[in-house]
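Okay, upload-v2.txt now, which holds compact mmCIF, N, CA and C atoms:
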# COMPACT_ATOMS: atom_id res chain seq x y z
N MET N 1 177.77 108.61 200.90
CA MET N 1 176.73 107.63 200.67
C MET N 1 177.34 106.26 200.33
N LYS N 2 178.33 106.30 199.43
CA LYS N 2 178.98 105.05 199.04
C LYS N 2 179.70 104.42 200.24
N ASN N 3 180.31 105.23 201.03
CA ASN N 3 181.04 104.75 202.20
C ASN N 3 180.08 104.07 203.19
N ALA N 4 178.94 104.63 203.38
CA ALA N 4 177.94 104.05 204.30
C ALA N 4 177.42 102.72 203.76
N LEU N 5 177.22 102.65 202.46
CA LEU N 5 176.73 101.41 201.85
C LEU N 5 177.76 100.29 202.00
N VAL N 6 179.02 100.62 201.82
CA VAL N 6 180.08 99.63 201.97
C VAL N 6 180.14 99.14 203.41
N ARG N 7 179.99 100.03 204.37
CA ARG N 7 180.03 99.65 205.78
C ARG N 7 178.84 98.75 206.14
N ILE N 8 177.67 99.08 205.63
CA ILE N 8 176.47 98.27 205.92
C ILE N 8 176.62 96.88 205.32
N LEU N 9 177.09 96.80 204.09
CA LEU N 9 177.29 95.49 203.45
C LEU N 9 178.36 94.68 204.17
N THR N 10 179.40 95.34 204.65
CA THR N 10 180.45 94.65 205.40
C THR N 10 179.91 94.08 206.70
N LEU N 11 179.13 94.88 207.41
CA LEU N 11 178.53 94.39 208.65
C LEU N 11 177.57 93.23 208.40
N ALA N 12 176.79 93.31 207.34
CA ALA N 12 175.85 92.24 207.02
C ALA N 12 176.61 90.95 206.68
N THR N 13 177.68 91.08 205.94
CA THR N 13 178.49 89.90 205.58
C THR N 13 179.12 89.27 206.81
N LEU N 14 179.67 90.09 207.68
CA LEU N 14 180.27 89.57 208.90
C LEU N 14 179.23 88.91 209.80
N ALA N 15 178.05 89.50 209.87
CA ALA N 15 177.01 88.93 210.72
C ALA N 15 176.57 87.56 210.21
N THR N 16 176.43 87.41 208.90
CA THR N 16 176.01 86.11 208.37
C THR N 16 177.12 85.08 208.50
N SER N 17 178.37 85.50 208.34
CA SER N 17 179.47 84.53 208.46
C SER N 17 179.67 84.10 209.91
N LEU N 18 179.44 85.02 210.85
CA LEU N 18 179.57 84.66 212.26
C LEU N 18 178.44 83.76 212.74
N SER N 19 177.31 83.83 212.08
CA SER N 19 176.19 82.98 212.51
C SER N 19 176.49 81.50 212.25
N ALA N 20 177.39 81.22 211.37
CA ALA N 20 177.78 79.84 211.12
C ALA N 20 178.53 79.25 212.31
N PHE N 21 179.16 80.10 213.10
CA PHE N 21 179.92 79.65 214.26
C PHE N 21 179.12 79.75 215.55
N ALA N 22 177.86 79.97 215.44
CA ALA N 22 177.02 80.13 216.64
C ALA N 22 176.99 78.82 217.42
N ALA N 23 176.76 78.92 218.72
CA ALA N 23 176.75 77.74 219.59
C ALA N 23 175.52 76.88 219.29
N THR N 24 175.71 75.57 219.31
CA THR N 24 174.61 74.64 219.12
C THR N 24 174.41 73.86 220.41
N ASP N 25 173.32 73.12 220.49
CA ASP N 25 173.02 72.37 221.70
C ASP N 25 173.92 71.15 221.88
N GLN N 26 174.29 70.49 220.81
CA GLN N 26 175.11 69.29 220.94
C GLN N 26 176.59 69.61 220.77
N PRO N 27 177.45 68.87 221.44
CA PRO N 27 178.88 69.11 221.29
C PRO N 27 179.36 68.69 219.90
N LYS N 28 180.40 69.32 219.44
CA LYS N 28 180.89 69.06 218.08
C LYS N 28 181.52 67.68 217.93
N ASN N 29 182.09 67.13 218.98
CA ASN N 29 182.77 65.85 218.89
C ASN N 29 181.81 64.67 218.92
N ALA N 30 180.55 64.88 219.21
CA ALA N 30 179.60 63.77 219.31
C ALA N 30 179.39 63.12 217.95
N ASN N 31 179.37 63.90 216.90
CA ASN N 31 179.14 63.34 215.57
C ASN N 31 180.42 62.81 214.93
N ALA N 32 181.55 63.22 215.39
CA ALA N 32 182.81 62.84 214.77
C ALA N 32 183.07 61.34 214.89
N ALA N 33 182.80 60.77 216.05
CA ALA N 33 183.08 59.34 216.25
C ALA N 33 182.17 58.49 215.37
N GLY N 34 180.92 58.82 215.27
CA GLY N 34 180.00 58.06 214.44
C GLY N 34 180.33 58.16 212.97
N ALA N 35 180.71 59.33 212.54
CA ALA N 35 181.02 59.53 211.12
C ALA N 35 182.28 58.77 210.72
N SER N 36 183.27 58.74 211.59
CA SER N 36 184.51 58.05 211.23
C SER N 36 184.30 56.54 211.13
N THR N 37 183.48 55.97 212.01
CA THR N 37 183.24 54.53 211.92
C THR N 37 182.43 54.21 210.67
N GLN N 38 181.51 55.07 210.29
CA GLN N 38 180.74 54.82 209.07
C GLN N 38 181.65 54.89 207.86
N GLN N 39 182.59 55.82 207.84
CA GLN N 39 183.51 55.93 206.72
C GLN N 39 184.40 54.70 206.63
N GLN N 40 184.86 54.22 207.78
CA GLN N 40 185.73 53.05 207.76
C GLN N 40 184.99 51.82 207.30
N GLU N 41 183.73 51.67 207.70
CA GLU N 41 182.95 50.52 207.24
C GLU N 41 182.74 50.59 205.74
N GLY N 42 182.51 51.78 205.23
CA GLY N 42 182.32 51.96 203.80
C GLY N 42 183.56 51.61 203.01
N CYS N 43 184.73 51.93 203.55
CA CYS N 43 185.98 51.61 202.86
C CYS N 43 186.18 50.10 202.76
N GLY N 44 185.86 49.38 203.81
CA GLY N 44 186.00 47.93 203.78
C GLY N 44 185.08 47.29 202.77
N ALA N 45 183.86 47.79 202.70
CA ALA N 45 182.89 47.25 201.74
C ALA N 45 183.34 47.54 200.31
N ALA N 46 183.92 48.72 200.10
CA ALA N 46 184.36 49.09 198.75
C ALA N 46 185.51 48.19 198.30
N SER N 47 186.45 47.91 199.19
CA SER N 47 187.58 47.06 198.79
C SER N 47 187.12 45.63 198.55
N HIS N 48 186.15 45.17 199.32
CA HIS N 48 185.62 43.82 199.11
C HIS N 48 184.92 43.73 197.77
N LYS N 49 184.16 44.75 197.42
CA LYS N 49 183.47 44.79 196.14
C LYS N 49 184.47 44.85 195.00
N GLU N 50 185.56 45.61 195.22
CA GLU N 50 186.60 45.74 194.20
C GLU N 50 187.28 44.40 193.95
N LYS N 51 187.50 43.63 195.00
CA LYS N 51 188.11 42.31 194.85
C LYS N 51 187.21 41.38 194.04
N LYS N 52 185.90 41.45 194.30
CA LYS N 52 184.97 40.62 193.55
C LYS N 52 184.99 40.98 192.06
N GLN N 53 185.06 42.27 191.77
CA GLN N 53 185.10 42.71 190.38
C GLN N 53 186.37 42.23 189.68
N LYS N 54 187.50 42.30 190.38
CA LYS N 54 188.75 41.83 189.79
C LYS N 54 188.70 40.33 189.52
N LYS N 55 188.11 39.58 190.45
CA LYS N 55 188.00 38.14 190.28
C LYS N 55 187.11 37.80 189.10
N ALA N 56 185.99 38.51 188.97
CA ALA N 56 185.08 38.27 187.84
C ALA N 56 185.75 38.63 186.52
N ARG N 57 186.53 39.70 186.52
CA ARG N 57 187.22 40.12 185.31
C ARG N 57 188.25 39.07 184.90
N SER N 58 188.99 38.52 185.87
CA SER N 58 190.00 37.52 185.53
C SER N 58 189.35 36.23 185.02
N GLN N 59 188.18 35.89 185.55
CA GLN N 59 187.48 34.70 185.06
C GLN N 59 187.02 34.91 183.62
N ARG N 60 186.57 36.11 183.28
CA ARG N 60 186.16 36.38 181.90
C ARG N 60 187.37 36.30 180.98
N ASP N 61 188.52 36.78 181.44
CA ASP N 61 189.72 36.72 180.61
C ASP N 61 190.14 35.28 180.38
N ASP N 62 189.95 34.42 181.36
CA ASP N 62 190.31 33.01 181.20
C ASP N 62 189.40 32.32 180.19
N GLN N 63 188.17 32.76 180.08
CA GLN N 63 187.20 32.12 179.18
C GLN N 63 187.41 32.54 177.72
N ARG N 64 188.11 33.63 177.49
CA ARG N 64 188.32 34.08 176.11
C ARG N 64 189.25 33.13 175.38
N THR N 65 189.00 32.95 174.10
CA THR N 65 189.85 32.05 173.31
C THR N 65 191.14 32.76 172.92
N GLU N 66 192.07 31.98 172.47
CA GLU N 66 193.36 32.53 172.04
C GLU N 66 193.18 33.47 170.85
N GLN N 67 192.25 33.14 169.96
CA GLN N 67 192.00 33.97 168.79
C GLN N 67 191.46 35.35 169.20
N GLU N 68 190.57 35.40 170.19
CA GLU N 68 190.03 36.68 170.65
C GLU N 68 191.14 37.53 171.28
N LYS N 69 192.01 36.87 172.04
CA LYS N 69 193.10 37.60 172.66
C LYS N 69 194.04 38.17 171.60
N GLU N 70 194.32 37.39 170.56
CA GLU N 70 195.20 37.86 169.49
C GLU N 70 194.55 39.02 168.73
N PHE N 71 193.24 38.92 168.49
CA PHE N 71 192.51 39.98 167.81
C PHE N 71 192.56 41.28 168.62
N ASP N 72 192.38 41.17 169.92
CA ASP N 72 192.46 42.34 170.78
C ASP N 72 193.85 42.96 170.75
N HIS N 73 194.86 42.11 170.70
CA HIS N 73 196.24 42.59 170.65
C HIS N 73 196.48 43.37 169.36
N VAL N 74 195.96 42.86 168.25
CA VAL N 74 196.13 43.53 166.97
C VAL N 74 195.40 44.88 166.99
N LEU N 75 194.18 44.90 167.53
CA LEU N 75 193.43 46.15 167.60
C LEU N 75 194.16 47.18 168.46
N MET N 76 194.74 46.73 169.55
CA MET N 76 195.49 47.64 170.42
C MET N 76 196.69 48.21 169.65
N GLY N 77 197.27 47.42 168.77
CA GLY N 77 198.38 47.90 167.97
C GLY N 77 197.95 48.96 166.99
N TYR N 78 196.76 48.79 166.40
CA TYR N 78 196.27 49.77 165.44
C TYR N 78 195.83 51.06 166.12
N TYR N 79 195.04 50.93 167.14
CA TYR N 79 194.39 52.10 167.74
C TYR N 79 195.05 52.57 169.03
N GLY N 80 195.97 51.82 169.56
CA GLY N 80 196.64 52.19 170.80
C GLY N 80 195.77 51.95 172.00
N GLY N 81 196.37 52.08 173.15
CA GLY N 81 195.53 51.93 174.34
C GLY N 81 196.21 51.27 175.47

Can the structure from this file be put into C-alpha cells for me?
Amino acid sequence: MKNALVRILTLATLATSLSAFAATDQPKNANAAGASTQQQEGCGAASHKEKKQKKARSQRDDQRTEQEKEFDHVLMGYYGG
C-alpha cells in the first residue's frame, strides 16, 4: 500500500512539473528582446536619478556651517560611524 502511494505521488509530482514545460503559442525569444530593452532603460534612469541625489546631497553639505560640520565630527567620534 505504501509503495503504491509513493508511486502515485511521484507520478503526480512529475506530471505537474512537466506541465511547466508545455508548449505555448508564442516563441520563447519574442519576450526576451523587449524585456532586455526595458531593463536597460530602467538602469539608465536609475543612474540619472542617483546622480541628481548625489548633487543635491553635495549642495546641502556646502550650505552647512563650519560649526555644524565640527559638531558632526565630534558626534562621529563619540558614537562611531

Task: Two-atom distance - atom CA of N:Gly80, atom CA of N:Glu68 (Å) - done: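 Straight-line distance from atom CA of N:Gly80 to atom CA of N:Glu68 works out to 16.9 Å.
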
Task: One-decimal distance in Å that lies between atom N of N:Lys51 and atom N of N:Gly77 - done: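 Separating atom N of N:Gly77 from atom N of N:Lys51 is a distance of 28.2 Å.
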
Open item on the list: What does the structure give for the distance between atom C of N:Lys69 and atom C of N:Arg57, in Å to one decimal?
Closed with: 14.5 Å
